[in-house]
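> So that we are looking at the same thing, I have put the structure below in structure tokens.
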Amino acid sequence: MATKQSASVFTKYGDVLAYASILISVIAFFADALFGGKNFMSGGDNVAFYSFVPYLEQAKDAGEFPLWVPYIFGGMPSLASFLAAGDRTWDFVGQFIFSFPRAMGDLFNNDTARLAIWYVIYGWGVYTLTRVKGLSKLIGVFSAVAAIFSTFVIVWIMIGHSTKPVSMATLPWILLALERLREKFSIANLFLLTLPMIVLVSATHPQMMFYIGCGTALYMLVELVTRILTKEGWVDVLKAGGGLALAAVIALGSHADMFLATREYTPESTRGSAPLVQSQKNEQDQTGGNDYEYATNWSFSPGEMFTFLVPSYYGFGNTVIKTSRSAPPQRANLYWGQMPFTDAANYMGVAVLVLGLIGMWHYRKDPFVIFLTVLGAFSLLLSFGKNFPVLYDIFYNTVPAFNKFRAPSMALCLLQFALPVAAGYGLAAIAGWASETSAASRKKGLIVLVGIAVLCAGIFLFATDESDYKSQVNDAVTAKQGGQPVSEQFLDIVYNEMHADAMAAVFYLLATGGLIWATSRGLLKPNVAVMLFLALTFVDLWRVDKRPYEPKEGSPEANVFTKNDVVSFLQSERAPYRVCDLSNAFPANWWAYHFIESVSGYSSAKLRVYQDMLDVAAPGPGQRPAPGNSGIYNPFLWNLLNVKYIISDRPLYQGVEPVFRSSETPLLVYQNDDVLPRAWFVDSIGVQSDKLTLLEKIRDGGFNPRRTAYVESQFAGMQSCGADSTSTATVVDRGNQKLTIKATTSTQQLLVVSEVFYEEWHAYVDGSEVPMVKTNFLMRGVVVPAGTHTVEFRYQSPAFETGRTISLASNIAAALLGLSALGMWVMQRQKGRQQA
């Protein structure tokens, strides 16, 4: 009786229990972070963004939506560069969707909770998709857990790639909505498709958006072709395609403010223009596209497919090692493959791999399984990049903007989705063998077991050939290190890690083969077998996933952004100034957290004029250009860029004493006595149309910037500008999007402002707009007539304003879809009650 009641409860509440088990698995994995006050905010893109949280909060309190951030690179667009965005209240649908993960982060007071929820949403989507495709509840849980804990996917939260889990979470829900839309084209199903599309766009990760778009397109293509061949339902696929196009328009429109602002900014950024001085490592075209070699740096390779079985074969990545029995464990990146580096192997669990291949073969005529197979093959081939460019070259040479991506291996996210779902089909096939209990099914189980045994023998032979393996590692690492020898200790550590993983792979493979064989012979009931596979896979992935797992205790403020005595010293200065940090003691954009303006920082799309300056003039007088340079070592530039303080962890000049010595850090603060103010008048104006020559003049300090400024062409009023040694210019007000200067001069003069030139800044003299002149290659200039005047600079973005209107309209359209669907559902329920 108890067994029947349990079965009844599972039948009735099985889906709820399944969703709960997926949630619990994620909570269990991140338990110490969620409940122990730990977080992963100590590195990666998360820190670069988190630096701007106070800036965004301050703007919100002031009732301003910030479009310009003054705290890095002397200032740059924030929204248009995808650097930081305030609360986009007009995007109310997206705000509503994201409010739940944010609430979880607030509830736990931990950003890990916010990101972990997206893994749960992803798992729920995979589970729901498998259920819609007819797989059992237990199999659905297996596929969901396998998809979440694929090492390639779960590591994102650990390395600060916070937008990738959000993007990935949308894929199963998009496919689910398309399935529903194909079966029945309705307002409700169109709305259900629009929601994950909005989330995908909101994640603002262009490369992930592209790959998920490719996966969606492949789904539609496979569905269309298979149904044309079967002459059944192909019109419904076209209807779903039309719904997909409409949902994409609404989703993209919901972020039109960002996209239109970005479209205006891109030609002026490093992502949309070529540098003055090309890098030997990365030559960019006029659209900012990367040359082939640079774009394919992170190419997966056919050989590295062995990491699907032995995750440490190429050194794994970030992991904990012991150099000796007595030494404490320490972290190291042991990766020695062809990519520059990687944090973790592309490991999805050996059981998932075996079952996925079985599912793809057994259900090879099923349209959805055909899609999974095509998706996996597409993902793998594209990820090979330069190492097997049969597919990659087509995309690189023909798809617009594809050459701006620089990590072909990221395409493997699609494979890491396809295999866990296909593995569910594999489990269904094995369950079918158990139900048949025929000679044919027993033979299939035996064939799989024998094949796995042969594979294990091969792995064992590879793993025990120590000298050959060490030789491969030595050759690869020596080449990476430019010929430097590799220590024997390093070779021993890498080999021992690989050997342990290989033996573990043999164990898990044999366990997988044994379960398949036992199930096929009817020795295990299907549900028991699924539960054993689930446990086996969870343990297997757990042991590998925990290697790069290293949350830090305390909040991001305590771990990363703690205010020190250097910050206190700098914040005592009230006049406008910038700092140049030569210490590399803090993560990128760190100073922005404390509202200190810096001439350095991190952005994937900084202004081109600024990067050109860094490449040519920043290295210092007489130095060769250094493409990709990020540091400013030129005192002449410190003066021009209003750098009053230089921060270093070592003596700057012999005989020069710092003005502040930190007692909390090893930092020294030096004052630049020759610094120019934020704004000043010059007596003469030179013209230099050749940009490289002008940068070289700045590099070498070939003029007195207090008296002379250079422009790239003649401008109206230039000839009338004179000199006045008594003229003054004082900053009286400044903010993110405005700068006000009180200027006094006895004659018309050119006012030079040490702010980065960008077209969306507009200059006003006493309230009337005047032309802004590009000065000293990257600064703003404005002609001021004789007398005392108020000079004001305001940031205005018509593209953003137009986009905001479109975004609001798109959100209204999405909301109307949802309300219409809700209204129709209510009417149908009422009609059903009346008929009953």
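Starting from 1 in every chain, residues are counted up; chains themselves are A, B, ... following the order of the structure tokens, and ligands are numbered from 1 as listed.
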Could you name the residues that touch region 229-232 of chain A at 12 Å or less, counting only C-alpha atoms, but leaving out those on the same chain fewer than 3 positions away, as number ranges by chain?

A: 182-183, 222-226, 235-237, 365-367

> Include N, CA, C and O atoms and write out the residues we just selected as a PDB file, in the first residue's frame.


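Listing of out14.pdb after writing:
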```pdb
ATOM      1  N   ARG A 182       5.081  26.078 -33.088  1.00  0.00           N
ATOM      2  CA  ARG A 182       4.933  25.223 -34.269  1.00  0.00           C
ATOM      3  C   ARG A 182       3.671  24.372 -34.158  1.00  0.00           C
ATOM      4  O   ARG A 182       2.959  24.176 -35.142  1.00  0.00           O
ATOM      5  N   GLU A 183       3.418  23.886 -32.958  1.00  0.00           N
ATOM      6  CA  GLU A 183       2.228  23.054 -32.755  1.00  0.00           C
ATOM      7  C   GLU A 183       0.945  23.861 -32.795  1.00  0.00           C
ATOM      8  O   GLU A 183      -0.085  23.397 -33.280  1.00  0.00           O
ATOM      9  N   VAL A 222      16.392  22.447 -39.447  1.00  0.00           N
ATOM     10  CA  VAL A 222      16.212  20.990 -39.361  1.00  0.00           C
ATOM     11  C   VAL A 222      14.736  20.641 -39.340  1.00  0.00           C
ATOM     12  O   VAL A 222      14.289  19.696 -40.024  1.00  0.00           O
ATOM     13  N   GLU A 223      13.951  21.382 -38.575  1.00  0.00           N
ATOM     14  CA  GLU A 223      12.505  21.131 -38.527  1.00  0.00           C
ATOM     15  C   GLU A 223      11.885  21.300 -39.922  1.00  0.00           C
ATOM     16  O   GLU A 223      11.064  20.480 -40.355  1.00  0.00           O
ATOM     17  N   LEU A 224      12.283  22.351 -40.609  1.00  0.00           N
ATOM     18  CA  LEU A 224      11.701  22.620 -41.926  1.00  0.00           C
ATOM     19  C   LEU A 224      12.063  21.515 -42.921  1.00  0.00           C
ATOM     20  O   LEU A 224      11.195  20.991 -43.634  1.00  0.00           O
ATOM     21  N   VAL A 225      13.345  21.154 -42.974  1.00  0.00           N
ATOM     22  CA  VAL A 225      13.799  20.150 -43.936  1.00  0.00           C
ATOM     23  C   VAL A 225      13.151  18.794 -43.651  1.00  0.00           C
ATOM     24  O   VAL A 225      12.645  18.122 -44.571  1.00  0.00           O
ATOM     25  N   THR A 226      13.165  18.368 -42.377  1.00  0.00           N
ATOM     26  CA  THR A 226      12.608  17.047 -42.058  1.00  0.00           C
ATOM     27  C   THR A 226      11.107  16.991 -42.337  1.00  0.00           C
ATOM     28  O   THR A 226      10.588  15.965 -42.787  1.00  0.00           O
ATOM     29  N   VAL A 235       4.370  23.866 -43.104  1.00  0.00           N
ATOM     30  CA  VAL A 235       3.761  25.196 -43.056  1.00  0.00           C
ATOM     31  C   VAL A 235       3.768  25.726 -41.624  1.00  0.00           C
ATOM     32  O   VAL A 235       3.998  26.924 -41.391  1.00  0.00           O
ATOM     33  N   ASP A 236       3.554  24.845 -40.661  1.00  0.00           N
ATOM     34  CA  ASP A 236       3.574  25.255 -39.261  1.00  0.00           C
ATOM     35  C   ASP A 236       4.966  25.742 -38.846  1.00  0.00           C
ATOM     36  O   ASP A 236       5.099  26.646 -38.014  1.00  0.00           O
ATOM     37  N   VAL A 237       5.991  25.124 -39.424  1.00  0.00           N
ATOM     38  CA  VAL A 237       7.358  25.569 -39.137  1.00  0.00           C
ATOM     39  C   VAL A 237       7.568  26.985 -39.664  1.00  0.00           C
ATOM     40  O   VAL A 237       8.185  27.829 -38.996  1.00  0.00           O
ATOM     41  N   LYS A 365      16.360   9.150 -36.405  1.00  0.00           N
ATOM     42  CA  LYS A 365      15.315   9.589 -37.335  1.00  0.00           C
ATOM     43  C   LYS A 365      14.353  10.601 -36.702  1.00  0.00           C
ATOM     44  O   LYS A 365      13.506  11.150 -37.395  1.00  0.00           O
ATOM     45  N   ASP A 366      14.516  10.824 -35.417  1.00  0.00           N
ATOM     46  CA  ASP A 366      13.667  11.792 -34.727  1.00  0.00           C
ATOM     47  C   ASP A 366      14.136  13.206 -35.080  1.00  0.00           C
ATOM     48  O   ASP A 366      15.318  13.525 -34.934  1.00  0.00           O
ATOM     49  N   PRO A 367      13.231  14.090 -35.566  1.00  0.00           N
ATOM     50  CA  PRO A 367      13.655  15.439 -35.991  1.00  0.00           C
ATOM     51  C   PRO A 367      14.399  16.216 -34.901  1.00  0.00           C
ATOM     52  O   PRO A 367      15.379  16.903 -35.198  1.00  0.00           O
TER      53      PRO A 367
END
```

> Write out, as CSV, each residue of region 532-554 of chain A that has an atom at most 7 Å from region 142-163 of chain A, together with the closest pair of atoms and their distance in Å to one decimal, counting only C-alpha atoms, rows going by chain and rising number.


```
residue,atom,partner,partner_atom,distance
A:Leu534,CA,A:Phe142,CA,5.4
A:Leu541,CA,A:Phe149,CA,6.3
A:Asp545,CA,A:Thr151,CA,5.5
A:Tyr549,CA,A:Met158,CA,6.2
```

> Could you save the residues just selected, with C-alpha atoms, as a PDB file, in the first residue's frame?


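So the final result, stored in result-v2.pdb, reads:
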```
ATOM      1  CA  LEU A 534      22.125  10.451 -12.156  1.00  0.00           C
ATOM      2  CA  LEU A 541      30.949  16.262 -12.442  1.00  0.00           C
ATOM      3  CA  ASP A 545      33.709  21.164 -11.179  1.00  0.00           C
ATOM      4  CA  TYR A 549      35.849  26.565  -7.371  1.00  0.00           C
TER       5      TYR A 549
END
```

> Using only C-alpha atoms for the distances, tell me which of A:Val579, A:Val350, A:Val599, A:Asn564 is nearest to Asp501 (chain A).

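Closest candidate: A:Val350.
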
> Show which residues sit within 8 Å of Leu175 (chain A), as a ChimeraX atom specification. Count only C-alpha atoms, and ignore same-chain residues fewer than 6 positions away.

/A:129,216,219

> I need the chosen residues saved as an mmCIF file, in the first residue's frame, with all heavy atoms.


```
data_model
loop_
_atom_site.group_PDB
_atom_site.id
_atom_site.type_symbol
_atom_site.label_atom_id
_atom_site.label_comp_id
_atom_site.auth_asym_id
_atom_site.auth_seq_id
_atom_site.Cartn_x
_atom_site.Cartn_y
_atom_site.Cartn_z
ATOM 1 N N LEU A 129 11.906 20.928 -21.408
ATOM 2 C CA LEU A 129 12.067 20.560 -22.811
ATOM 3 C C LEU A 129 12.040 19.046 -22.993
ATOM 4 O O LEU A 129 11.373 18.522 -23.899
ATOM 5 C CB LEU A 129 13.383 21.144 -23.342
ATOM 6 C CG LEU A 129 13.698 20.910 -24.824
ATOM 7 C CD1 LEU A 129 12.644 21.553 -25.714
ATOM 8 C CD2 LEU A 129 15.084 21.460 -25.161
ATOM 9 N N THR A 216 19.241 28.431 -32.670
ATOM 10 C CA THR A 216 17.818 28.593 -32.988
ATOM 11 C C THR A 216 17.575 28.442 -34.479
ATOM 12 O O THR A 216 16.609 27.797 -34.910
ATOM 13 C CB THR A 216 17.334 29.972 -32.504
ATOM 14 O OG1 THR A 216 17.613 30.106 -31.100
ATOM 15 C CG2 THR A 216 15.850 30.139 -32.742
ATOM 16 N N TYR A 219 17.725 24.834 -35.467
ATOM 17 C CA TYR A 219 16.502 24.142 -35.078
ATOM 18 C C TYR A 219 15.424 24.358 -36.139
ATOM 19 O O TYR A 219 14.766 23.393 -36.572
ATOM 20 C CB TYR A 219 16.016 24.651 -33.720
ATOM 21 C CG TYR A 219 14.592 24.242 -33.404
ATOM 22 C CD1 TYR A 219 14.310 22.976 -32.906
ATOM 23 C CD2 TYR A 219 13.535 25.117 -33.627
ATOM 24 C CE1 TYR A 219 13.010 22.583 -32.643
ATOM 25 C CE2 TYR A 219 12.225 24.733 -33.361
ATOM 26 C CZ TYR A 219 11.966 23.472 -32.870
ATOM 27 O OH TYR A 219 10.676 23.092 -32.611
#
```

> Using only C-alpha atoms, which of the listed residues (A:Ala518, A:Val544, A:Met772, A:Leu135) sits closest to Leu532 (chain A)?

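Closest residue, counting only C-alpha atoms: A:Ala518.
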
> Which residues, written as a list in words, have at least one atom at most 12 Å from Pro70 (chain A), with only C-alpha atoms counted and residues fewer than 6 positions away on the same chain left out?

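Contacts, with the query itself left out: Phe52, Tyr55, Met76, Pro77, Ser78, Pro576, Tyr577, Arg578, Asn589, Trp591, Ala592, Tyr593, Phe595, Ile596, Glu597, Ser598, Val599, Ser600, Gly601, Arg734, Gly735, Asn736, Gln737, Lys738, Leu739, Ser754, Glu755, Val756 and Tyr795 of chain A.
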
> Okay, now the selection with C-alpha atoms, as a CSV table (one decimal), in the first residue's frame?


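selection.csv was written with the following content:
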```csv
chain,number,residue,atom,x,y,z
A,52,PHE,CA,30.8,51.2,-11.3
A,55,TYR,CA,28.6,55.6,-9.9
A,76,MET,CA,34.2,57.4,-22.2
A,77,PRO,CA,30.6,56.4,-23.1
A,78,SER,CA,29.2,54.0,-20.5
A,576,PRO,CA,39.6,68.2,-10.6
A,577,TYR,CA,42.5,65.8,-11.1
A,578,ARG,CA,43.3,62.3,-12.4
A,589,ASN,CA,38.5,50.1,-12.9
A,591,TRP,CA,39.6,53.6,-8.6
A,592,ALA,CA,36.2,54.3,-10.1
A,593,TYR,CA,34.5,52.6,-7.1
A,595,PHE,CA,35.0,58.1,-7.5
A,596,ILE,CA,38.7,58.8,-8.4
A,597,GLU,CA,39.3,59.6,-12.0
A,598,SER,CA,42.0,57.5,-13.6
A,599,VAL,CA,43.8,57.6,-17.0
A,600,SER,CA,43.7,53.8,-17.1
A,601,GLY,CA,41.0,51.1,-16.7
A,734,ARG,CA,31.1,69.1,-13.1
A,735,GLY,CA,29.1,65.9,-13.3
A,736,ASN,CA,28.9,62.8,-15.4
A,737,GLN,CA,27.3,64.6,-18.3
A,738,LYS,CA,28.2,68.2,-17.8
A,739,LEU,CA,31.2,70.4,-17.2
A,754,SER,CA,41.6,68.1,-20.7
A,755,GLU,CA,38.5,66.0,-21.4
A,756,VAL,CA,38.3,63.3,-24.1
A,795,TYR,CA,26.6,65.3,-23.2
```

> List every residue of region 546-676 of chain A that DSSP, applied to the backbone, labels as strand (DSSP E), and write the result as an mmCIF file with C-alpha atoms, in the first residue's frame.


```cif
data_model
loop_
_atom_site.group_PDB
_atom_site.id
_atom_site.type_symbol
_atom_site.label_atom_id
_atom_site.label_comp_id
_atom_site.auth_asym_id
_atom_site.auth_seq_id
_atom_site.Cartn_x
_atom_site.Cartn_y
_atom_site.Cartn_z
ATOM 1 C CA LYS A 552 36.180 34.222 -1.149
ATOM 2 C CA GLU A 553 34.781 34.984 2.259
ATOM 3 C CA ARG A 578 43.350 62.318 -12.353
ATOM 4 C CA VAL A 579 45.651 59.561 -11.164
ATOM 5 C CA CYS A 580 47.979 57.274 -13.054
ATOM 6 C CA ASP A 581 48.377 53.930 -11.307
ATOM 7 C CA VAL A 643 47.391 63.622 -13.818
ATOM 8 C CA LYS A 644 48.312 65.168 -10.491
ATOM 9 C CA TYR A 645 49.183 61.937 -8.683
ATOM 10 C CA ILE A 646 51.179 58.937 -9.784
ATOM 11 C CA ILE A 647 50.760 55.773 -7.739
ATOM 12 C CA SER A 648 53.555 53.238 -7.664
ATOM 13 C CA PHE A 660 52.330 60.039 0.723
ATOM 14 C CA ARG A 661 53.508 56.629 1.918
ATOM 15 C CA LEU A 668 53.742 55.319 -2.804
ATOM 16 C CA VAL A 669 51.977 58.435 -4.075
ATOM 17 C CA TYR A 670 53.954 60.974 -6.074
ATOM 18 C CA GLN A 671 52.733 64.456 -6.942
#
```

> Find, counting only C-alpha atoms, the residue in A:Asn403, A:Ala28, A:Leu138, A:Leu380 that gets nearest to Val16 (chain A).

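For Val16 (chain A), the nearest of the given residues is A:Leu138.
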
> Quick one: distance from CA of Lys184 (chain A) to CA of Lys239 (chain A) in Å, one decimal?

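A separation of 9.3 Å between them.
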
> So how many Å separate CA of Phe490 (chain A) and CA of Phe507 (chain A), to one decimal?

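Those two atoms sit 26.1 Å apart.
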